[in-house]
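Participant: Next comes model-v1.cif, mmCIF, C-alpha atoms:
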data_query
#
loop_
_atom_site.group_PDB
_atom_site.id
_atom_site.type_symbol
_atom_site.label_atom_id
_atom_site.label_comp_id
_atom_site.auth_asym_id
_atom_site.auth_seq_id
_atom_site.Cartn_x
_atom_site.Cartn_y
_atom_site.Cartn_z
ATOM 1 C CA MET A 416 24.440 -28.334 16.349
ATOM 2 C CA LYS A 417 22.626 -25.731 18.467
ATOM 3 C CA LEU A 418 19.420 -24.204 17.116
ATOM 4 C CA THR A 419 17.081 -21.490 18.439
ATOM 5 C CA VAL A 420 13.495 -21.753 17.187
ATOM 6 C CA ALA A 421 10.653 -19.234 17.583
ATOM 7 C CA ILE A 422 6.956 -20.121 17.343
ATOM 8 C CA PRO A 423 4.140 -17.526 17.586
ATOM 9 C CA LYS A 424 1.768 -19.032 20.145
ATOM 10 C CA TYR A 425 -2.013 -18.966 20.550
ATOM 11 C CA GLY A 426 -2.976 -21.470 23.244
ATOM 12 C CA ASP A 427 -1.535 -24.809 22.162
ATOM 13 C CA GLU A 428 -1.680 -23.839 18.503
ATOM 14 C CA ILE A 429 0.532 -21.805 16.214
ATOM 15 C CA ALA A 430 -0.885 -18.268 16.043
ATOM 16 C CA PRO A 431 -2.651 -17.695 12.703
ATOM 17 C CA CYS A 432 -0.857 -14.390 12.039
ATOM 18 C CA PHE A 433 2.803 -13.627 12.802
ATOM 19 C CA GLU A 434 2.279 -9.835 12.835
ATOM 20 C CA SER A 435 -0.332 -9.868 15.593
ATOM 21 C CA ALA A 436 0.907 -12.744 17.764
ATOM 22 C CA GLY A 437 1.049 -11.733 21.422
ATOM 23 C CA LYS A 438 3.360 -14.517 22.626
ATOM 24 C CA PHE A 439 6.350 -16.362 21.215
ATOM 25 C CA LEU A 440 7.681 -19.698 22.388
ATOM 26 C CA ILE A 441 11.483 -19.683 22.119
ATOM 27 C CA VAL A 442 13.087 -23.121 22.117
ATOM 28 C CA GLU A 443 16.810 -23.866 22.274
ATOM 29 C CA ALA A 444 17.864 -27.295 21.040
ATOM 30 C CA ARG A 445 21.060 -29.141 20.278
ATOM 31 C CA ASP A 446 21.249 -32.075 17.869
ATOM 32 C CA GLY A 447 17.464 -32.392 17.926
ATOM 33 C CA ILE A 448 17.178 -32.410 21.738
ATOM 34 C CA VAL A 449 15.358 -29.549 23.502
ATOM 35 C CA LEU A 450 17.579 -27.772 26.029
ATOM 36 C CA SER A 451 15.289 -24.947 27.176
ATOM 37 C CA ARG A 452 11.938 -23.235 26.596
ATOM 38 C CA ALA A 453 10.873 -19.671 27.335
ATOM 39 C CA LEU A 454 7.742 -17.643 26.616
ATOM 40 C CA TYR A 455 8.084 -14.009 25.518
ATOM 41 C CA GLU A 456 5.298 -11.466 25.185
ATOM 42 C CA CYS A 457 5.373 -9.028 22.311
ATOM 43 C CA ILE A 458 3.406 -5.831 21.809
ATOM 44 C CA GLY A 459 3.961 -2.824 19.615
ATOM 45 C CA CYS A 460 4.394 -2.159 15.921
ATOM 46 C CA GLU A 461 2.937 -5.310 14.479
ATOM 47 C CA GLY A 462 5.543 -7.137 12.394
ATOM 48 C CA PHE A 463 8.495 -4.811 12.998
ATOM 49 C CA GLU A 464 8.423 -5.310 16.769
ATOM 50 C CA ARG A 465 8.281 -9.075 16.331
ATOM 51 C CA VAL A 466 11.183 -9.076 13.883
ATOM 52 C CA ARG A 467 13.162 -7.010 16.406
ATOM 53 C CA LEU A 468 12.376 -9.535 19.164
ATOM 54 C CA LEU A 469 13.589 -12.475 17.064
ATOM 55 C CA ARG A 470 16.804 -10.650 16.201
ATOM 56 C CA LYS A 471 17.407 -9.761 19.845
ATOM 57 C CA LEU A 472 16.975 -13.399 20.873
ATOM 58 C CA GLU A 473 19.278 -14.557 18.042
ATOM 59 C CA VAL A 474 16.609 -16.840 16.621
ATOM 60 C CA GLU A 475 17.709 -18.968 13.669
ATOM 61 C CA SER A 476 14.368 -20.491 12.640
ATOM 62 C CA LEU A 477 10.741 -19.349 12.765
ATOM 63 C CA ILE A 478 7.796 -21.748 12.541
ATOM 64 C CA CYS A 479 4.611 -19.836 11.715
ATOM 65 C CA ASP A 480 1.303 -19.989 9.917
ATOM 66 C CA GLY A 481 0.363 -16.770 8.117
ATOM 67 C CA ILE A 482 3.001 -14.045 7.582
ATOM 68 C CA LYS A 483 3.023 -11.053 5.249
ATOM 69 C CA SER A 484 5.521 -11.323 2.415
ATOM 70 C CA PHE A 485 7.451 -8.224 3.481
ATOM 71 C CA TYR A 486 8.175 -9.623 6.953
ATOM 72 C CA HIS A 487 8.937 -13.038 5.488
ATOM 73 C CA ASP A 488 11.565 -11.470 3.217
ATOM 74 C CA LEU A 489 12.899 -9.234 5.993
ATOM 75 C CA LEU A 490 13.459 -12.213 8.292
ATOM 76 C CA ARG A 491 15.141 -14.194 5.528
ATOM 77 C CA SER A 492 17.438 -11.245 4.776
ATOM 78 C CA GLN A 493 18.499 -11.372 8.448
ATOM 79 C CA GLY A 494 19.506 -15.018 8.039
ATOM 80 C CA ILE A 495 16.424 -16.473 9.760
ATOM 81 C CA THR A 496 14.872 -19.545 8.146
ATOM 82 C CA VAL A 497 11.089 -19.182 7.898
ATOM 83 C CA TYR A 498 8.777 -22.186 7.862
ATOM 84 C CA ARG A 499 5.394 -20.687 6.999
ATOM 85 C CA ASN A 500 1.863 -22.020 6.464
ATOM 86 C CA ILE A 501 2.476 -24.580 9.215
ATOM 87 C CA THR A 502 -0.821 -25.569 10.843
ATOM 88 C CA HIS A 503 0.264 -28.484 13.056
ATOM 89 C CA PRO A 504 -0.067 -28.190 16.840
ATOM 90 C CA ILE A 505 3.012 -26.531 18.329
ATOM 91 C CA GLU A 506 4.660 -29.651 19.747
ATOM 92 C CA GLU A 507 4.172 -31.608 16.541
ATOM 93 C CA ALA A 508 5.541 -28.762 14.408
ATOM 94 C CA LEU A 509 8.546 -28.352 16.702
ATOM 95 C CA LEU A 510 9.329 -32.076 16.543
ATOM 96 C CA LEU A 511 9.117 -32.068 12.731
ATOM 97 C CA CYS A 512 11.425 -29.049 12.592
ATOM 98 C CA LEU A 513 14.042 -30.603 14.866
ATOM 99 C CA LYS A 514 13.953 -33.808 12.797
ATOM 100 C CA GLY A 515 14.377 -31.820 9.574
ATOM 101 C CA LYS A 516 11.010 -32.958 8.209
ATOM 102 C CA ILE A 517 9.628 -29.559 7.257
ATOM 103 C CA ARG A 518 11.197 -27.167 4.808
ATOM 104 C CA ALA A 519 10.992 -23.489 3.957
ATOM 105 C CA GLU A 520 8.721 -22.635 1.046
ATOM 106 C CA GLU A 521 10.024 -20.838 -2.006
ATOM 107 C CA ASP A 522 8.262 -17.636 -3.029
ATOM 108 C CA SER A 523 5.495 -17.986 -5.584
ATOM 109 C CA ASP A 524 4.998 -15.398 -8.336
ATOM 110 C CA GLU A 525 2.003 -14.092 -6.390
ATOM 111 C CA CYS A 526 4.104 -13.582 -3.259
ATOM 112 C CA ALA A 527 6.803 -11.830 -5.256
ATOM 113 C CA LEU A 528 4.268 -9.195 -6.320
ATOM 114 C CA GLU A 529 3.488 -8.451 -2.666
ATOM 115 C CA LYS A 530 7.071 -7.836 -1.524
ATOM 116 C CA SER A 531 6.979 -4.048 -1.713
ATOM 117 C CA LYS A 532 3.607 -3.700 0.011
ATOM 118 C CA ILE A 533 4.255 -2.624 3.593
ATOM 119 C CA PRO A 534 1.277 -1.605 5.742
ATOM 120 C CA LEU A 535 1.409 2.168 6.283
ATOM 121 C CA LYS A 536 0.306 1.719 9.901
ATOM 122 C CA ASP A 537 3.347 -0.501 10.530
ATOM 123 C CA MET A 538 5.726 1.971 8.903
ATOM 124 C CA LEU A 539 4.352 4.896 10.912
ATOM 125 C CA CYS A 540 4.637 3.005 14.186
ATOM 126 C CA TRP A 541 8.176 1.785 13.452
ATOM 127 C CA THR A 542 9.291 5.247 12.296
ATOM 128 C CA LYS A 543 8.007 6.922 15.461
ATOM 129 C CA ASP A 544 9.828 4.384 17.632
ATOM 130 C CA LEU A 545 13.049 4.778 15.626
ATOM 131 C CA PHE A 546 13.192 8.572 15.835
ATOM 132 C CA ARG A 547 12.116 8.726 19.480
ATOM 133 C CA SER A 548 14.787 6.198 20.429
ATOM 134 C CA HIS A 549 17.365 8.573 18.932
ATOM 135 C CA GLY A 550 16.188 11.582 20.920
ATOM 136 C CA TYR A 551 13.722 13.210 18.529
ATOM 137 C CA HIS A 552 10.377 14.699 19.465
ATOM 138 C CA ILE A 553 7.983 13.416 16.852
ATOM 139 C CA GLY A 554 4.370 14.056 16.062
ATOM 140 C CA LYS A 555 1.830 13.471 13.364
ATOM 141 C CA ALA A 556 1.867 16.091 10.654
ATOM 142 C CA ALA A 557 -0.612 18.836 11.465
ATOM 143 C CA SER A 558 -3.306 19.909 9.029
ATOM 144 C CA SER A 559 -0.984 22.702 7.941
ATOM 145 C CA ALA A 560 1.656 20.220 6.755
ATOM 146 C CA PRO A 561 1.046 19.399 3.089
ATOM 147 C CA PHE A 562 0.609 15.944 1.579
ATOM 148 C CA PRO A 563 2.588 13.593 1.554
ATOM 149 C CA ILE A 564 4.338 14.551 4.828
ATOM 150 C CA ASP A 565 3.305 11.976 7.458
ATOM 151 C CA LEU A 566 5.408 12.952 10.477
ATOM 152 C CA ILE A 567 7.470 15.889 11.717
ATOM 153 C CA ALA A 568 10.517 15.210 13.887
ATOM 154 C CA GLU A 569 12.500 17.786 15.862
ATOM 155 C CA ILE A 570 15.770 17.638 17.774
ATOM 156 C CA ARG A 571 18.324 20.146 19.070
ATOM 157 C CA CYS A 572 21.492 20.451 17.014
ATOM 158 C CA PRO A 573 24.411 19.145 19.137
ATOM 159 C CA VAL A 574 26.649 21.975 17.839
ATOM 160 C CA CYS A 575 24.543 25.168 17.720
ATOM 161 C CA HIS A 576 21.673 23.862 19.924
ATOM 162 C CA LYS A 577 19.061 25.296 17.569
ATOM 163 C CA PRO A 578 16.070 23.167 16.487
ATOM 164 C CA VAL A 579 16.436 20.794 13.539
ATOM 165 C CA ARG A 580 13.129 20.127 11.779
ATOM 166 C CA VAL A 581 12.739 16.961 9.726
ATOM 167 C CA ALA A 582 9.883 16.123 7.352
ATOM 168 C CA ILE A 583 9.132 12.398 7.078
ATOM 169 C CA CYS A 584 7.208 10.594 4.358
ATOM 170 C CA CYS A 585 6.464 6.904 4.911
ATOM 171 C CA GLY A 586 5.984 6.073 1.260
ATOM 172 C CA SER A 587 3.368 4.235 -0.802
ATOM 173 C CA HIS A 588 0.909 7.151 -0.982
ATOM 174 C CA THR A 589 0.881 7.090 -4.773
ATOM 175 C CA TYR A 590 1.388 4.383 -7.373
ATOM 176 C CA ARG A 591 4.525 5.995 -8.811
ATOM 177 C CA ILE A 592 7.584 6.491 -6.605
ATOM 178 C CA GLU A 593 8.895 9.263 -8.890
ATOM 179 C CA GLN A 594 5.692 11.220 -8.447
ATOM 180 C CA GLU A 595 5.674 10.788 -4.680
ATOM 181 C CA LEU A 596 9.307 11.815 -4.157
ATOM 182 C CA THR A 597 9.024 14.815 -6.488
ATOM 183 C CA LEU A 598 5.975 16.041 -4.590
ATOM 184 C CA PHE A 599 7.571 15.350 -1.193
ATOM 185 C CA HIS A 600 10.709 17.293 -2.109
ATOM 186 C CA ARG A 601 8.693 20.214 -3.457
ATOM 187 C CA VAL A 602 6.437 20.631 -0.414
ATOM 188 C CA ALA A 603 9.120 20.008 2.240
ATOM 189 C CA SER A 604 12.254 21.668 0.862
ATOM 190 C CA ALA A 605 11.468 25.214 2.000
ATOM 191 C CA ASP A 606 10.245 24.642 5.559
ATOM 192 C CA PHE A 607 12.411 21.788 6.839
ATOM 193 C CA HIS A 608 16.127 21.284 7.383
ATOM 194 C CA ALA A 609 15.994 17.679 6.161
ATOM 195 C CA GLN A 610 13.676 15.246 4.417
ATOM 196 C CA VAL A 611 13.454 11.533 5.244
ATOM 197 C CA TYR A 612 11.766 8.900 3.100
ATOM 198 C CA ILE A 613 10.867 5.560 4.711
ATOM 199 C CA TYR A 614 10.831 2.942 1.975
ATOM 200 C CA PRO A 615 12.586 -0.273 0.826
ATOM 201 C CA ALA A 616 15.970 0.633 -0.636
ATOM 202 C CA ASN A 617 15.379 -0.527 -4.199
ATOM 203 C CA PRO A 618 17.631 0.949 -6.917
ATOM 204 C CA ARG A 619 15.008 3.395 -8.192
ATOM 205 C CA ALA A 620 14.251 4.773 -4.717
ATOM 206 C CA VAL A 621 17.976 5.181 -3.999
ATOM 207 C CA GLN A 622 18.555 6.981 -7.296
ATOM 208 C CA ILE A 623 15.722 9.481 -6.887
ATOM 209 C CA CYS A 624 16.507 10.171 -3.229
ATOM 210 C CA ASN A 625 20.127 10.874 -4.178
ATOM 211 C CA GLU A 626 18.983 13.271 -6.881
ATOM 212 C CA TYR A 627 16.857 15.238 -4.436
ATOM 213 C CA GLY A 628 19.095 14.933 -1.375
ATOM 214 C CA ILE A 629 16.440 13.019 0.540
ATOM 215 C CA GLU A 630 17.545 10.720 3.360
ATOM 216 C CA LEU A 631 16.363 7.172 2.600
ATOM 217 C CA ILE A 632 15.804 4.834 5.551
ATOM 218 C CA GLU A 633 14.702 1.276 4.887
ATOM 219 C CA PRO A 634 11.914 -0.028 7.157
ATOM 220 C CA GLY A 635 13.148 -2.569 9.669
ATOM 221 C CA THR A 636 16.768 -1.422 9.688
ATOM 222 C CA GLU A 637 18.426 -0.344 12.923
ATOM 223 C CA ALA A 638 20.539 2.809 12.795
ATOM 224 C CA GLY A 639 23.157 3.373 15.467
ATOM 225 C CA LEU A 640 23.547 6.418 17.656
ATOM 226 C CA PRO A 641 26.575 8.625 17.009
ATOM 227 C CA SER A 642 29.096 8.821 19.830
ATOM 228 C CA LYS A 643 29.066 11.898 22.061
ATOM 229 C CA LYS A 644 32.457 12.894 20.695
ATOM 230 C CA GLN A 645 31.081 13.029 17.164
ATOM 231 C CA LYS A 646 28.432 15.668 17.915
ATOM 232 C CA ARG A 647 26.344 14.485 14.995
ATOM 233 C CA ILE A 648 22.628 14.764 14.356
ATOM 234 C CA PRO A 649 21.277 11.213 14.861
ATOM 235 C CA LEU A 650 20.025 9.138 11.916
ATOM 236 C CA LEU A 651 20.845 11.736 9.250
ATOM 237 C CA ARG A 652 23.841 10.730 7.153
ATOM 238 C CA LEU A 653 23.540 13.521 4.583
ATOM 239 C CA SER A 654 24.402 17.161 5.162
ATOM 240 C CA VAL A 655 21.591 19.070 6.891
ATOM 241 C CA SER A 656 20.843 22.616 5.711
ATOM 242 C CA GLY A 657 21.952 25.157 8.304
ATOM 243 C CA HIS A 658 23.621 22.470 10.426
ATOM 244 C CA GLU A 659 26.486 21.302 8.229
ATOM 245 C CA LYS A 660 28.966 21.064 11.129
ATOM 246 C CA ALA A 661 26.731 18.532 12.871
ATOM 247 C CA SER A 662 25.735 16.476 9.837
ATOM 248 C CA GLY A 663 27.186 14.018 7.380
ATOM 249 C CA LYS A 664 28.493 14.058 3.868
ATOM 250 C CA LYS A 665 27.570 16.673 1.321
ATOM 251 C CA LYS A 666 24.622 15.945 -0.914
ATOM 252 C CA ASP A 667 25.649 14.798 -4.355
ATOM 253 C CA PHE A 668 22.415 15.578 -6.155
ATOM 254 C CA ALA A 669 22.180 17.857 -9.164
ATOM 255 C CA THR A 670 19.288 20.078 -8.133
ATOM 256 C CA SER A 671 19.345 23.601 -6.792
ATOM 257 C CA PRO A 672 20.106 23.978 -3.050
ATOM 258 C CA ARG A 673 17.154 23.867 -0.703
ATOM 259 C CA LYS A 674 15.994 27.057 0.911
ATOM 260 C CA ARG A 675 16.874 26.940 4.591
ATOM 261 C CA PRO A 676 13.980 27.228 7.021
ATOM 262 C CA GLN A 677 14.097 30.216 9.307
#
Can you dump the structure from the file as structure tokens?
Facilitator:
Amino acid sequence: MKLTVAIPKYGDEIAPCFESAGKFLIVEARDGIVLSRALYECIGCEGFERVRLLRKLEVESLICDGIKSFYHDLLRSQGITVYRNITHPIEEALLLCLKGKIRAEEDSDECALEKSKIPLKDMLCWTKDLFRSHGYHIGKAASSAPFPIDLIAEIRCPVCHKPVRVAICCGSHTYRIEQELTLFHRVASADFHAQVYIYPANPRAVQICNEYGIELIEPGTEAGLPSKKQKRIPLLRLSVSGHEKASGKKKDFATSPRKRPQ
């Protein structure tokens, strides 16, 4: 059986932290025999960029030392087996993995409590990359933009060619998600065509975003570009005020319509 293994590398040792590792050793093996080795450099948005690299390389197993619970869960959700807290030298750890002598740890109760905690710096970096890759101009919210708006994204509508302004909140500013989303909707509804909330898609977040007509994007997901024939505003699946012909389905929330920005 063929297996692709990734190991964050620091000299001859496993890097102490997955999210900040600068190099990854990628090993392809079949039936326990190494077929090839390659070294990849990784820079960028801490854990998100490294998760993206492993997905791109179709890695099936990761051997690492320290890793934040969110990235551990994200990798597992992508079908990647994670062997964490491994402190052996790289070659020894690789040999143990190929012989099936190490196993993935189950989450402890303490780890389970950390699942929803995503570093804001990581979310901001990933969000900027996501929107820019889909053609948006994005910048940090100016002092005039009220809390909790983190970023403002703009793009030309593919139908009318007028600007589309999007308010983005990266979540986790307050302890209560209801409070944060209510405030975000209130401060952004009048001056922006759309609102985007970057947060794990748990049932409560989905419910409240649906009620307010807020676009929910889960950190770490990859959204595809619409085809040129579609003439759709990228990333936004819901209807966008003032740009309905270039946007997605109608909002099904039970609040009053948003005032369209001039």
Participant: Applied to this file, what does the PyMOL selection byres ((chain A and resi 582) around 7) return in terms of residues, put as a VMD selection string?
Facilitator: chain A and resid 564 566 to 568 580 to 581 583 to 584 603 607 609 to 611
Participant: Using the chain letters and numbers from the file, give me the residues hit by the PyMOL selection byres ((chain A and resi 548) around 12), as JSON, numbers by chain.
Facilitator: {"A": [541, 542, 543, 544, 545, 546, 547, 549, 550, 551, 552, 553, 568, 570, 637, 638, 639, 640, 649, 650]}
Participant: Between A:Asp480, A:Glu593, A:Asp565, A:Glu434, single out the one closest to Asn500 (chain A), counting all atoms listed in the file.
Facilitator: A:Asp480
Participant: Any idea what's packed within 9 Å of region 417-431 of chain A, counting all atoms listed in the file, ignoring anything in its chain fewer than 3 positions away? Could you give it as a PDB file with C-alpha atoms, in the frame of the given file?
Facilitator:
ATOM      1  CA  SER A 435      -0.332  -9.868  15.593  1.00  0.00           C
ATOM      2  CA  ALA A 436       0.907 -12.744  17.764  1.00  0.00           C
ATOM      3  CA  GLY A 437       1.049 -11.733  21.422  1.00  0.00           C
ATOM      4  CA  LYS A 438       3.360 -14.517  22.626  1.00  0.00           C
ATOM      5  CA  PHE A 439       6.350 -16.362  21.215  1.00  0.00           C
ATOM      6  CA  LEU A 440       7.681 -19.698  22.388  1.00  0.00           C
ATOM      7  CA  ILE A 441      11.483 -19.683  22.119  1.00  0.00           C
ATOM      8  CA  VAL A 442      13.087 -23.121  22.117  1.00  0.00           C
ATOM      9  CA  GLU A 443      16.810 -23.866  22.274  1.00  0.00           C
ATOM     10  CA  ALA A 444      17.864 -27.295  21.040  1.00  0.00           C
ATOM     11  CA  ARG A 445      21.060 -29.141  20.278  1.00  0.00           C
ATOM     12  CA  ASP A 446      21.249 -32.075  17.869  1.00  0.00           C
ATOM     13  CA  GLY A 447      17.464 -32.392  17.926  1.00  0.00           C
ATOM     14  CA  LEU A 454       7.742 -17.643  26.616  1.00  0.00           C
ATOM     15  CA  LEU A 469      13.589 -12.475  17.064  1.00  0.00           C
ATOM     16  CA  LEU A 472      16.975 -13.399  20.873  1.00  0.00           C
ATOM     17  CA  GLU A 473      19.278 -14.557  18.042  1.00  0.00           C
ATOM     18  CA  VAL A 474      16.609 -16.840  16.621  1.00  0.00           C
ATOM     19  CA  GLU A 475      17.709 -18.968  13.669  1.00  0.00           C
ATOM     20  CA  SER A 476      14.368 -20.491  12.640  1.00  0.00           C
ATOM     21  CA  LEU A 477      10.741 -19.349  12.765  1.00  0.00           C
ATOM     22  CA  ILE A 478       7.796 -21.748  12.541  1.00  0.00           C
ATOM     23  CA  CYS A 479       4.611 -19.836  11.715  1.00  0.00           C
ATOM     24  CA  ASP A 480       1.303 -19.989   9.917  1.00  0.00           C
ATOM     25  CA  GLY A 481       0.363 -16.770   8.117  1.00  0.00           C
ATOM     26  CA  ILE A 482       3.001 -14.045   7.582  1.00  0.00           C
ATOM     27  CA  ASN A 500       1.863 -22.020   6.464  1.00  0.00           C
ATOM     28  CA  ILE A 501       2.476 -24.580   9.215  1.00  0.00           C
ATOM     29  CA  THR A 502      -0.821 -25.569  10.843  1.00  0.00           C
ATOM     30  CA  HIS A 503       0.264 -28.484  13.056  1.00  0.00           C
ATOM     31  CA  PRO A 504      -0.067 -28.190  16.840  1.00  0.00           C
ATOM     32  CA  ILE A 505       3.012 -26.531  18.329  1.00  0.00           C
ATOM     33  CA  GLU A 506       4.660 -29.651  19.747  1.00  0.00           C
ATOM     34  CA  ALA A 508       5.541 -28.762  14.408  1.00  0.00           C
ATOM     35  CA  LEU A 509       8.546 -28.352  16.702  1.00  0.00           C
ATOM     36  CA  CYS A 512      11.425 -29.049  12.592  1.00  0.00           C
ATOM     37  CA  LEU A 513      14.042 -30.603  14.866  1.00  0.00           C
TER      38      LEU A 513
END
Participant: Applying 9 Å and all atoms listed in the file, which residues near Leu490 (chain A) remain after dropping the ones on its own chain fewer than 3 positions away? List them as a CSV table (one decimal) with C-alpha atoms, keeping the file's coordinate frame.
Facilitator:
chain,number,residue,atom,x,y,z
A,466,VAL,CA,11.2,-9.1,13.9
A,469,LEU,CA,13.6,-12.5,17.1
A,470,ARG,CA,16.8,-10.6,16.2
A,477,LEU,CA,10.7,-19.3,12.8
A,485,PHE,CA,7.5,-8.2,3.5
A,486,TYR,CA,8.2,-9.6,7.0
A,487,HIS,CA,8.9,-13.0,5.5
A,493,GLN,CA,18.5,-11.4,8.4
A,494,GLY,CA,19.5,-15.0,8.0
A,495,ILE,CA,16.4,-16.5,9.8
A,496,THR,CA,14.9,-19.5,8.1
A,497,VAL,CA,11.1,-19.2,7.9
Participant: What are the centre and edge lengths in Å, to one decimal, of the axis-aligned box around all listed atoms of region 613-630 of chain A with 6 Å added on each side, as AutoDock Vina command-line options?
Facilitator:
--center_x 15.5 --center_y 7.4 --center_z -1.7 --size_x 21.3 --size_y 27.8 --size_z 24.9
Participant: Work out how far CA of Leu653 (chain A) is from CA of Lys536 (chain A), in Å to one decimal.
Facilitator: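 So the answer is 26.6 Å.
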Participant: Can you list what the PyMOL selection byres ((chain A and resi 626-630) around 12) grabs from this structure, as a VMD selection string?
Facilitator: chain A and resid 581 to 585 593 596 to 601 603 to 604 607 to 614 616 619 to 625 631 to 633 650 to 656 662 to 673
Participant: Would you work out the distance separating CA of Glu464 (chain A) from CA of Phe433 (chain A), expressed in Å to one decimal?
Facilitator: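 Separation between CA of Glu464 (chain A) and CA of Phe433 (chain A): 10.8 Å.
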Participant: Between CA of Phe463 (chain A) and CA of Val602 (chain A), what is the spacing in Å?
Facilitator: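 Between these atoms lies a distance of 28.8 Å.
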Participant: Closest to Pro578 (chain A) among A:His658, A:Gln594, A:Pro563, A:Ile533, using all atoms listed in the file?
Facilitator: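 Among the listed residues, the smallest separation from Pro578 (chain A) belongs to A:His658.
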Participant: Between A:Gly459, A:Arg465, A:Leu489, A:Leu539, which residue has the minimum interatomic distance to Ser587 (chain A), considering all atoms listed in the file?
Facilitator: A:Leu539
Participant: Mind filling out region 475-488 of chain A with N, CA and C atoms and sending it as a CSV table (one decimal), keeping the file's coordinate frame?
Facilitator:
chain,number,residue,atom,x,y,z
A,475,GLU,N,17.2,-18.5,15.0
A,475,GLU,CA,17.7,-19.0,13.7
A,475,GLU,C,16.6,-19.5,12.8
A,476,SER,N,15.5,-19.9,13.4
A,476,SER,CA,14.4,-20.5,12.6
A,476,SER,C,13.0,-20.0,13.2
A,477,LEU,N,12.1,-19.7,12.4
A,477,LEU,CA,10.7,-19.3,12.8
A,477,LEU,C,9.8,-20.3,12.2
A,478,ILE,N,8.9,-20.9,13.0
A,478,ILE,CA,7.8,-21.7,12.5
A,478,ILE,C,6.5,-20.9,12.7
A,479,CYS,N,5.8,-20.7,11.6
A,479,CYS,CA,4.6,-19.8,11.7
A,479,CYS,C,3.6,-20.3,10.7
A,480,ASP,N,2.4,-19.7,10.9
A,480,ASP,CA,1.3,-20.0,9.9
A,480,ASP,C,1.3,-18.8,8.9
A,481,GLY,N,0.4,-17.9,9.1
A,481,GLY,CA,0.4,-16.8,8.1
A,481,GLY,C,1.4,-15.7,8.4
A,482,ILE,N,2.0,-15.1,7.4
A,482,ILE,CA,3.0,-14.0,7.6
A,482,ILE,C,3.0,-13.2,6.3
A,483,LYS,N,3.0,-11.9,6.4
A,483,LYS,CA,3.0,-11.1,5.2
A,483,LYS,C,4.4,-11.2,4.5
A,484,SER,N,4.3,-11.1,3.2
A,484,SER,CA,5.5,-11.3,2.4
A,484,SER,C,6.7,-10.4,2.8
A,485,PHE,N,6.4,-9.2,3.1
A,485,PHE,CA,7.5,-8.2,3.5
A,485,PHE,C,8.2,-8.7,4.7
A,486,TYR,N,7.5,-9.2,5.7
A,486,TYR,CA,8.2,-9.6,7.0
A,486,TYR,C,8.9,-11.0,6.7
A,487,HIS,N,8.3,-11.8,5.9
A,487,HIS,CA,8.9,-13.0,5.5
A,487,HIS,C,10.3,-12.8,4.8
A,488,ASP,N,10.3,-11.8,3.9
A,488,ASP,CA,11.6,-11.5,3.2
A,488,ASP,C,12.5,-10.8,4.2
